[in-house]
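Participant: Pasting target_18.txt here (compact mmCIF, C-alpha atoms):
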# COMPACT_ATOMS: atom_id res chain seq x y z
CA GLU A 8 -26.61 -17.06 -3.25
CA TRP A 9 -23.49 -18.04 -5.21
CA SER A 10 -25.46 -19.59 -8.05
CA SER A 11 -27.57 -16.45 -8.44
CA GLY A 12 -24.44 -14.30 -8.70
CA LEU A 13 -22.72 -16.41 -11.37
CA PRO A 14 -25.32 -17.01 -14.10
CA GLY A 15 -22.93 -16.07 -16.87
CA TYR A 16 -20.17 -18.49 -15.87
CA ALA A 17 -21.61 -21.90 -16.61
CA PRO A 18 -18.90 -24.28 -17.94
CA GLU A 19 -20.36 -24.13 -21.45
CA GLU A 20 -20.24 -20.31 -21.46
CA VAL A 21 -16.69 -20.30 -20.09
CA GLU A 22 -15.68 -22.69 -22.90
CA ARG A 23 -17.18 -20.35 -25.50
CA VAL A 24 -15.32 -17.30 -24.13
CA THR A 25 -11.96 -18.82 -23.17
CA GLY A 26 -11.59 -21.93 -25.29
CA VAL A 27 -11.08 -24.10 -22.19
CA THR A 28 -13.41 -27.08 -22.58
CA ALA A 29 -16.39 -27.37 -20.25
CA GLY A 30 -15.23 -30.87 -19.28
CA ARG A 31 -11.87 -29.54 -18.09
CA VAL A 32 -13.53 -26.71 -16.14
CA GLU A 33 -15.82 -29.21 -14.40
CA ARG A 34 -12.92 -31.58 -13.63
CA LEU A 35 -10.81 -28.79 -12.12
CA ALA A 36 -13.75 -27.56 -10.07
CA ARG A 37 -14.44 -31.05 -8.75
CA GLU A 38 -10.77 -31.59 -7.81
CA PHE A 39 -10.54 -28.18 -6.15
CA ALA A 40 -13.61 -28.91 -4.02
CA GLU A 41 -12.68 -32.48 -3.09
CA ARG A 42 -8.96 -32.19 -2.38
CA THR A 43 -8.85 -30.11 0.78
CA PRO A 44 -7.29 -27.93 1.90
CA SER A 45 -7.34 -26.23 -1.48
CA LEU A 46 -6.09 -22.74 -2.25
CA ALA A 47 -6.20 -20.53 -5.34
CA ILE A 48 -3.40 -17.97 -5.65
CA VAL A 49 -3.21 -15.05 -8.06
CA GLY A 50 -0.27 -12.80 -8.89
CA GLY A 51 2.24 -11.76 -11.49
CA PRO A 52 1.25 -10.85 -15.06
CA ALA A 53 -2.40 -11.76 -14.49
CA LEU A 54 -2.76 -8.71 -12.25
CA GLY A 55 -0.93 -6.41 -14.65
CA GLN A 56 -3.76 -6.26 -17.17
CA THR A 57 -6.83 -4.04 -17.42
CA ASN A 58 -8.91 -6.83 -15.88
CA GLY A 59 -6.41 -7.48 -13.08
CA LEU A 60 -8.77 -6.43 -10.30
CA PHE A 61 -11.54 -8.64 -11.70
CA THR A 62 -9.10 -11.56 -11.81
CA ALA A 63 -8.04 -11.04 -8.20
CA VAL A 64 -11.66 -10.78 -7.00
CA ALA A 65 -12.60 -13.92 -8.94
CA VAL A 66 -9.74 -15.93 -7.41
CA ASN A 67 -10.51 -14.81 -3.88
CA ALA A 68 -14.21 -15.45 -4.48
CA LEU A 69 -13.25 -19.02 -5.36
CA ASN A 70 -11.42 -19.34 -2.05
CA ALA A 71 -14.44 -18.00 -0.19
CA LEU A 72 -16.75 -20.36 -2.06
CA ALA A 73 -14.54 -23.33 -1.18
CA GLY A 74 -14.50 -22.30 2.49
CA THR A 75 -10.71 -22.00 2.65
CA VAL A 76 -10.56 -18.45 4.05
CA GLU A 77 -9.27 -18.33 7.64
CA GLN A 78 -8.75 -22.10 7.63
CA PRO A 79 -5.51 -24.10 8.08
CA GLY A 80 -3.93 -24.60 4.68
CA GLY A 81 -6.09 -21.86 3.23
CA LEU A 82 -6.04 -18.09 2.92
CA PHE A 83 -5.41 -15.78 5.88
CA PHE A 84 -5.64 -11.99 5.77
CA THR A 85 -3.18 -9.94 7.80
CA PRO A 86 -4.89 -8.01 10.63
CA GLN A 87 -4.58 -4.31 9.94
CA VAL A 88 -3.31 -1.74 12.41
CA SER A 89 -5.17 1.54 12.76
CA VAL A 90 -2.32 4.00 13.20
CA ALA A 91 -4.05 7.04 14.62
CA ALA A 92 -1.26 9.57 14.20
CA GLY A 93 -0.60 8.60 10.59
CA ALA A 94 -4.17 8.12 9.46
CA ASP A 95 -4.86 11.82 9.08
CA VAL A 96 -1.83 12.52 6.90
CA ARG A 97 -1.87 9.58 4.51
CA ALA A 98 -3.96 10.07 1.41
CA GLY A 99 -4.64 7.83 -1.55
CA SER A 100 -2.92 8.76 -4.79
CA GLY A 101 -6.07 8.40 -6.90
CA ARG A 102 -6.14 8.68 -10.68
CA LEU A 103 -4.29 11.67 -12.03
CA THR A 104 -6.36 13.04 -14.89
CA ALA A 105 -6.80 16.31 -16.72
CA ASN A 106 -10.16 16.77 -15.02
CA ALA A 107 -8.57 16.53 -11.56
CA LEU A 108 -5.96 19.15 -12.40
CA THR A 109 -8.09 21.61 -14.34
CA SER A 110 -11.47 21.31 -12.67
CA ALA A 111 -13.63 24.33 -13.35
CA ASP A 112 -14.68 24.38 -9.70
CA ALA A 113 -11.17 24.52 -8.25
CA PRO A 114 -8.36 24.35 -10.83
CA ALA A 115 -5.05 23.29 -9.32
CA GLN A 116 -2.68 26.18 -8.62
CA VAL A 117 0.21 24.11 -7.24
CA VAL A 118 1.08 20.46 -7.84
CA PHE A 119 3.64 18.46 -5.87
CA VAL A 120 5.08 15.43 -7.68
CA ASP A 121 6.79 12.81 -5.52
CA GLY A 122 7.95 9.36 -6.55
CA VAL A 123 5.92 9.17 -9.76
CA ASN A 124 6.30 10.05 -13.42
CA PRO A 125 2.70 10.41 -14.61
CA VAL A 126 3.56 11.98 -17.98
CA TYR A 127 5.39 8.75 -18.87
CA ALA A 128 3.25 6.23 -16.98
CA THR A 129 -0.28 7.28 -17.90
CA PRO A 130 -2.06 6.75 -21.22
CA ARG A 131 -1.67 9.63 -23.65
CA ALA A 132 -5.46 9.87 -23.88
CA TRP A 133 -5.55 11.10 -20.27
CA LYS A 134 -3.68 14.23 -21.46
CA VAL A 135 -1.73 14.54 -18.21
CA ARG A 136 1.08 16.53 -19.85
CA GLU A 137 -1.41 19.08 -21.18
CA ALA A 138 -3.10 19.28 -17.79
CA LEU A 139 0.20 19.87 -16.00
CA GLY A 140 0.99 22.57 -18.55
CA ALA A 141 -2.02 24.52 -17.25
CA VAL A 142 -0.85 24.42 -13.62
CA PRO A 143 0.84 27.70 -12.59
CA PHE A 144 3.45 26.12 -10.30
CA ILE A 145 4.80 22.57 -10.18
CA VAL A 146 7.23 21.21 -7.58
CA SER A 147 9.07 17.94 -8.15
CA PHE A 148 10.87 15.98 -5.45
CA GLY A 149 12.50 13.71 -8.01
CA SER A 150 16.17 12.76 -7.87
CA PHE A 151 16.42 12.48 -11.65
CA LEU A 152 15.16 14.44 -14.63
CA ASP A 153 12.31 12.60 -16.29
CA GLU A 154 9.29 13.39 -18.47
CA THR A 155 7.42 14.95 -15.53
CA SER A 156 10.17 16.66 -13.55
CA ILE A 157 11.33 18.63 -16.61
CA LEU A 158 7.95 20.41 -16.47
CA ALA A 159 8.54 21.50 -12.85
CA ASP A 160 9.17 25.10 -11.86
CA LEU A 161 11.11 23.94 -8.81
CA ILE A 162 12.98 20.67 -8.17
CA LEU A 163 13.77 19.75 -4.56
CA PRO A 164 15.55 16.38 -4.76
CA ASP A 165 14.65 13.91 -2.04
CA HIS A 166 17.19 11.72 -0.27
CA SER A 167 17.93 8.35 -1.83
CA PHE A 168 16.25 5.32 -0.25
CA LEU A 169 19.43 4.52 1.70
CA GLU A 170 19.39 8.03 3.17
CA SER A 171 15.71 8.00 4.13
CA TRP A 172 13.41 6.53 6.72
CA ALA A 173 11.52 3.51 5.39
CA GLU A 174 8.13 2.56 6.79
CA ALA A 175 5.51 0.03 5.74
CA ILE A 176 2.29 -1.65 6.87
CA PRO A 177 2.05 -4.91 4.90
CA GLU A 178 -1.45 -5.91 3.84
CA SER A 179 -0.76 -9.62 3.50
CA GLY A 180 1.73 -12.36 4.22
CA SER A 181 1.45 -12.69 7.99
CA LEU A 182 -0.88 -14.09 10.63
CA LEU A 183 -0.02 -11.06 12.74
CA ALA A 184 -0.31 -7.35 12.12
CA VAL A 185 3.05 -5.88 11.09
CA VAL A 186 4.37 -2.32 11.15
CA SER A 187 7.97 -1.69 10.14
CA ALA A 188 10.16 1.38 10.31
CA ALA A 189 13.85 1.53 9.50
CA PRO A 190 16.16 4.54 9.95
CA PRO A 191 18.49 5.80 7.22
CA ALA A 192 21.41 3.50 6.51
CA MET A 193 23.77 6.40 5.72
CA PRO A 194 23.89 10.20 5.88
CA PRO A 195 23.04 12.20 2.73
CA LEU A 196 25.91 12.50 0.27
CA HIS A 197 24.57 15.58 -1.51
CA GLN A 198 22.50 18.67 -0.81
CA THR A 199 19.17 16.84 -0.74
CA ARG A 200 16.37 17.11 1.79
CA SER A 201 13.88 14.65 3.20
CA THR A 202 10.56 15.27 1.44
CA PRO A 203 8.42 14.57 4.55
CA ASP A 204 10.56 16.96 6.63
CA LEU A 205 10.31 19.57 3.91
CA LEU A 206 6.51 19.26 3.75
CA LEU A 207 6.26 19.67 7.52
CA GLU A 208 8.37 22.84 7.29
CA ILE A 209 6.33 24.20 4.38
CA GLY A 210 3.19 23.68 6.43
CA ARG A 211 4.62 25.80 9.23
CA GLN A 212 5.65 28.58 6.82
CA LEU A 213 2.25 29.09 5.17
CA ASN A 214 0.36 32.35 5.66
CA THR A 215 -2.11 30.24 7.59
CA PRO A 216 0.23 27.71 9.20
CA ILE A 217 -0.71 24.06 9.46
CA GLU A 218 0.02 23.36 13.09
CA LEU A 219 0.98 19.71 13.13
CA PRO A 220 2.35 18.25 16.36
CA TRP A 221 5.58 16.96 14.79
CA GLN A 222 8.70 18.88 13.84
CA THR A 223 10.30 16.04 11.88
CA PHE A 224 9.21 12.92 10.05
CA ASP A 225 10.82 10.58 12.58
CA GLU A 226 8.81 12.31 15.32
CA MET A 227 5.68 11.60 13.29
CA LEU A 228 6.69 7.96 12.89
CA ALA A 229 7.28 7.66 16.62
CA ALA A 230 3.80 9.05 17.25
CA THR A 231 2.24 6.44 14.97
CA PHE A 232 3.68 3.70 17.19
CA ALA A 233 2.41 5.29 20.42
CA PRO A 234 -1.01 3.54 20.42
CA LEU A 235 0.53 0.10 19.84
CA PRO A 236 1.19 -2.27 22.75
CA SER A 237 4.86 -2.96 23.34
CA MET A 238 6.22 -6.43 22.66
CA THR A 239 8.83 -6.10 25.41
CA GLU A 240 8.23 -5.20 29.03
CA GLY A 241 9.75 -1.86 29.98
CA LEU A 242 9.98 -0.52 26.43
CA ASP A 243 7.51 1.57 24.46
CA ALA A 244 6.47 0.24 21.05
CA TRP A 245 8.63 2.73 19.12
CA SER A 246 11.85 1.94 21.01
CA ASP A 247 11.09 -1.76 20.83
CA ALA A 248 10.47 -1.56 17.08
CA GLN A 249 13.79 0.18 16.55
CA GLU A 250 15.61 -2.65 18.30
CA LYS A 251 13.72 -5.43 16.50
CA GLY A 252 13.25 -3.80 13.10
CA GLY A 253 9.49 -3.55 13.40
CA TRP A 254 6.38 -4.24 15.43
CA TRP A 255 4.19 -7.29 15.11
CA GLY A 256 1.26 -8.33 17.21
CA MET A 257 -2.50 -8.30 17.44
CA PRO A 258 -4.27 -4.91 17.29
CA GLU A 259 -6.60 -4.17 20.16
CA GLY A 260 -10.24 -4.96 19.43
CA VAL A 261 -9.49 -7.55 16.73
CA ARG A 262 -11.33 -10.83 17.33
CA LEU A 263 -10.17 -13.93 15.51
CA PRO A 264 -11.70 -17.39 15.15
CA PRO A 265 -10.36 -19.72 17.88
CA ALA A 266 -8.13 -21.72 15.51
CA ARG A 267 -6.73 -18.54 13.96
CA ALA A 268 -6.18 -16.95 17.37
CA GLU A 269 -4.24 -20.01 18.54
CA ARG A 270 -2.00 -19.97 15.47
CA ALA A 271 -1.46 -16.21 15.78
CA SER A 272 -0.52 -16.55 19.46
CA ALA A 273 1.96 -19.25 18.60
CA SER A 274 3.49 -17.10 15.86
CA LEU A 275 3.75 -14.14 18.23
CA ALA A 276 5.40 -16.24 20.95
CA GLU A 277 7.89 -17.59 18.43
CA ALA A 278 8.67 -14.14 17.04
CA VAL A 279 9.15 -12.53 20.46
CA GLY A 280 11.03 -15.47 21.88
CA GLY A 281 13.35 -15.59 18.90
CA GLY A 282 14.06 -11.85 19.06
Would you put the structure from the file into structure tokens?
Facilitator:
Amino acid sequence: EWSSGLPGYAPEEVERVTGVTAGRVERLAREFAERTPSLAIVGGPALGQTNGLFTAVAVNALNALAGTVEQPGGLFFTPQVSVAAGADVRAGSGRLTANALTSADAPAQVVFVDGVNPVYATPRAWKVREALGAVPFIVSFGSFLDETSILADLILPDHSFLESWAEAIPESGSLLAVVSAAPPAMPPLHQTRSTPDLLLEIGRQLNTPIELPWQTFDEMLAATFAPLPSMTEGLDAWSDAQEKGGWWGMPEGVRLPPARAERASASLAEAVGGG
């Protein structure tokens, strides 16, 4: 199966394309296969290029081929938590292009810009500035004037990161599933507003209101923790996470290989026991 999927990557062909001799490729392959456990790691500048995704897939394919995935000394993927309350409100950013903004089927009438500067960050060939110029109303939640926010009809500055809730669901780096949520470290210094709170309020003020079950963003965060099992007896997952700085555990329905399950249980016992 592997050999049929890699016909164009014989050592001689790799030497022709990359300049790395076939002998060196074969030696490295032999050492990687024989010296177990072996692990290939990718990161940094290699992922910052146009072929970054291909590079990452190739490296992880090498780990799979060597049988090091889900093995001691190899590569483990963090179990992912399905957060029911948050799943319906999180959307992928996608690629911002002129076609997306000025589609003939449904041209954008309002654009919200939050935490990005696409006029600066995207290639000029995408013509994002021209596309934004065709949008009747643009709202920016930026805290600073930049190449995109200067095009906005309305600027509603968000709190700084120290004045905001911070939440994350890491995709790697742990044997256990992790969900973190941290409250603001300080009150707002200026007349700014939390963007999530503002969006919830806008939804309620529409001609056809969006009736979401939360009044504030922290209420929404609390709801996302509701389905999770608590790590501490007598406390719900949200209250427990606030005391510990996050939640970590094994999502219900996730089945791990015996060796992985044993290591995960040990990690969980250590984390809970150590506070």
Participant: Would you compute the distance between CA of Leu69 (chain A) and CA of Gly26 (chain A)? Give it in Å to one decimal.
Facilitator: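 Computing the Euclidean distance for CA of Leu69 (chain A) and CA of Gly26 (chain A) yields 20.2 Å.
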Participant: In Å, with one decimal, what is the gap from CA of Ala115 (chain A) to CA of Pro164 (chain A)?
Facilitator: 22.2 Å
Participant: Could you pull the residues within 9 Å of Ser147 (chain A), counting all atoms listed in the file, minus those fewer than 5 positions along the same chain, as a PyMOL selection string?
Facilitator: chain A and resi 118-122+155-164
Participant: Excluding region 32-42 of chain A and any residue of its chain fewer than 4 positions from it, enumerate the residues within 10 Å of it, using all atoms listed in the file, and give them as a VMD selection string.
Facilitator: chain A and resid 17 to 19 21 to 22 27 to 28 46 to 47 69 to 70 72 to 74
Participant: Work out how far apart CA of Thr223 (chain A) and CA of Leu205 (chain A) are and give it in Å to one decimal.
Facilitator: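 A separation of 8.7 Å between them.
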Participant: What lies within 6 Å of region 177-187 of chain A using only C-alpha atoms, ignoring chain neighbours under 2 positions off, as a short mmCIF file (atom, residue, chain, number, x, y, z; two decimals) with C-alpha atoms, in the frame of the given file?
Facilitator:
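Result saved to part-v2.cif:
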data_model
loop_
_atom_site.label_atom_id
_atom_site.label_comp_id
_atom_site.auth_asym_id
_atom_site.auth_seq_id
_atom_site.Cartn_x
_atom_site.Cartn_y
_atom_site.Cartn_z
CA PHE A 84 -5.64 -11.99 5.77
CA THR A 85 -3.18 -9.94 7.80
CA PRO A 86 -4.89 -8.01 10.63
CA GLN A 87 -4.58 -4.31 9.94
CA GLU A 174 8.13 2.56 6.79
CA ALA A 175 5.51 0.03 5.74
CA GLY A 253 9.49 -3.55 13.40
CA TRP A 254 6.38 -4.24 15.43
CA TRP A 255 4.19 -7.29 15.11
CA GLY A 256 1.26 -8.33 17.21
CA MET A 257 -2.50 -8.30 17.44
CA ALA A 271 -1.46 -16.21 15.78
#
Participant: Add whatever atoms are absent from region 164-183 of chain A to reach N, CA, C and O atoms, and provide the output as a PDB file, keeping the file's coordinate frame.
Facilitator:
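Printed below is part08.pdb as written:
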ATOM      1  N   PRO A 164      15.266  17.819  -4.780  1.00  0.00           N
ATOM      2  CA  PRO A 164      15.550  16.380  -4.760  1.00  0.00           C
ATOM      3  C   PRO A 164      15.448  15.778  -3.354  1.00  0.00           C
ATOM      4  O   PRO A 164      15.967  16.331  -2.377  1.00  0.00           O
ATOM      5  N   ASP A 165      14.776  14.650  -3.289  1.00  0.00           N
ATOM      6  CA  ASP A 165      14.650  13.910  -2.040  1.00  0.00           C
ATOM      7  C   ASP A 165      15.933  13.105  -1.803  1.00  0.00           C
ATOM      8  O   ASP A 165      16.743  12.899  -2.704  1.00  0.00           O
ATOM      9  N   HIS A 166      16.111  12.646  -0.551  1.00  0.00           N
ATOM     10  CA  HIS A 166      17.190  11.720  -0.270  1.00  0.00           C
ATOM     11  C   HIS A 166      16.993  10.430  -1.061  1.00  0.00           C
ATOM     12  O   HIS A 166      15.865  10.090  -1.449  1.00  0.00           O
ATOM     13  N   SER A 167      18.052   9.686  -1.257  1.00  0.00           N
ATOM     14  CA  SER A 167      17.930   8.350  -1.830  1.00  0.00           C
ATOM     15  C   SER A 167      17.310   7.425  -0.777  1.00  0.00           C
ATOM     16  O   SER A 167      17.205   7.776   0.402  1.00  0.00           O
ATOM     17  N   PHE A 168      16.917   6.225  -1.191  1.00  0.00           N
ATOM     18  CA  PHE A 168      16.250   5.320  -0.250  1.00  0.00           C
ATOM     19  C   PHE A 168      17.176   4.901   0.879  1.00  0.00           C
ATOM     20  O   PHE A 168      16.724   4.624   2.002  1.00  0.00           O
ATOM     21  N   LEU A 169      18.487   4.875   0.634  1.00  0.00           N
ATOM     22  CA  LEU A 169      19.430   4.520   1.700  1.00  0.00           C
ATOM     23  C   LEU A 169      19.609   5.659   2.697  1.00  0.00           C
ATOM     24  O   LEU A 169      20.089   5.443   3.815  1.00  0.00           O
ATOM     25  N   GLU A 170      19.232   6.859   2.304  1.00  0.00           N
ATOM     26  CA  GLU A 170      19.390   8.030   3.170  1.00  0.00           C
ATOM     27  C   GLU A 170      18.082   8.434   3.847  1.00  0.00           C
ATOM     28  O   GLU A 170      18.039   9.451   4.525  1.00  0.00           O
ATOM     29  N   SER A 171      17.048   7.627   3.681  1.00  0.00           N
ATOM     30  CA  SER A 171      15.710   8.000   4.130  1.00  0.00           C
ATOM     31  C   SER A 171      15.146   6.987   5.121  1.00  0.00           C
ATOM     32  O   SER A 171      15.556   5.821   5.150  1.00  0.00           O
ATOM     33  N   TRP A 172      14.199   7.451   5.907  1.00  0.00           N
ATOM     34  CA  TRP A 172      13.410   6.530   6.720  1.00  0.00           C
ATOM     35  C   TRP A 172      12.549   5.676   5.802  1.00  0.00           C
ATOM     36  O   TRP A 172      12.038   6.156   4.786  1.00  0.00           O
ATOM     37  N   ALA A 173      12.381   4.423   6.153  1.00  0.00           N
ATOM     38  CA  ALA A 173      11.520   3.510   5.390  1.00  0.00           C
ATOM     39  C   ALA A 173      10.470   2.947   6.334  1.00  0.00           C
ATOM     40  O   ALA A 173      10.807   2.443   7.405  1.00  0.00           O
ATOM     41  N   GLU A 174       9.203   3.066   5.945  1.00  0.00           N
ATOM     42  CA  GLU A 174       8.130   2.560   6.790  1.00  0.00           C
ATOM     43  C   GLU A 174       7.126   1.803   5.920  1.00  0.00           C
ATOM     44  O   GLU A 174       6.992   2.083   4.722  1.00  0.00           O
ATOM     45  N   ALA A 175       6.466   0.830   6.513  1.00  0.00           N
ATOM     46  CA  ALA A 175       5.510   0.030   5.740  1.00  0.00           C
ATOM     47  C   ALA A 175       4.528  -0.651   6.687  1.00  0.00           C
ATOM     48  O   ALA A 175       4.876  -0.982   7.829  1.00  0.00           O
ATOM     49  N   ILE A 176       3.306  -0.846   6.188  1.00  0.00           N
ATOM     50  CA  ILE A 176       2.290  -1.650   6.870  1.00  0.00           C
ATOM     51  C   ILE A 176       1.824  -2.689   5.868  1.00  0.00           C
ATOM     52  O   ILE A 176       0.947  -2.412   5.046  1.00  0.00           O
ATOM     53  N   PRO A 177       2.429  -3.880   5.876  1.00  0.00           N
ATOM     54  CA  PRO A 177       2.050  -4.910   4.900  1.00  0.00           C
ATOM     55  C   PRO A 177       0.580  -5.275   5.012  1.00  0.00           C
ATOM     56  O   PRO A 177       0.016  -5.323   6.107  1.00  0.00           O
ATOM     57  N   GLU A 178      -0.034  -5.542   3.863  1.00  0.00           N
ATOM     58  CA  GLU A 178      -1.450  -5.910   3.840  1.00  0.00           C
ATOM     59  C   GLU A 178      -1.656  -7.406   3.792  1.00  0.00           C
ATOM     60  O   GLU A 178      -2.782  -7.875   3.950  1.00  0.00           O
ATOM     61  N   SER A 179      -0.599  -8.176   3.559  1.00  0.00           N
ATOM     62  CA  SER A 179      -0.760  -9.620   3.500  1.00  0.00           C
ATOM     63  C   SER A 179       0.572 -10.284   3.808  1.00  0.00           C
ATOM     64  O   SER A 179       1.615  -9.630   3.865  1.00  0.00           O
ATOM     65  N   GLY A 180       0.506 -11.605   4.027  1.00  0.00           N
ATOM     66  CA  GLY A 180       1.730 -12.360   4.220  1.00  0.00           C
ATOM     67  C   GLY A 180       2.033 -12.737   5.650  1.00  0.00           C
ATOM     68  O   GLY A 180       3.078 -13.338   5.919  1.00  0.00           O
ATOM     69  N   SER A 181       1.160 -12.404   6.595  1.00  0.00           N
ATOM     70  CA  SER A 181       1.450 -12.690   7.990  1.00  0.00           C
ATOM     71  C   SER A 181       0.167 -12.960   8.755  1.00  0.00           C
ATOM     72  O   SER A 181      -0.876 -12.368   8.468  1.00  0.00           O
ATOM     73  N   LEU A 182       0.254 -13.861   9.752  1.00  0.00           N
ATOM     74  CA  LEU A 182      -0.880 -14.090  10.630  1.00  0.00           C
ATOM     75  C   LEU A 182      -1.054 -12.954  11.620  1.00  0.00           C
ATOM     76  O   LEU A 182      -2.109 -12.800  12.228  1.00  0.00           O
ATOM     77  N   LEU A 183       0.006 -12.167  11.797  1.00  0.00           N
ATOM     78  CA  LEU A 183      -0.020 -11.060  12.740  1.00  0.00           C
ATOM     79  C   LEU A 183       0.002  -9.733  11.997  1.00  0.00           C
ATOM     80  O   LEU A 183       0.446  -9.656  10.854  1.00  0.00           O
TER      81      LEU A 183
END
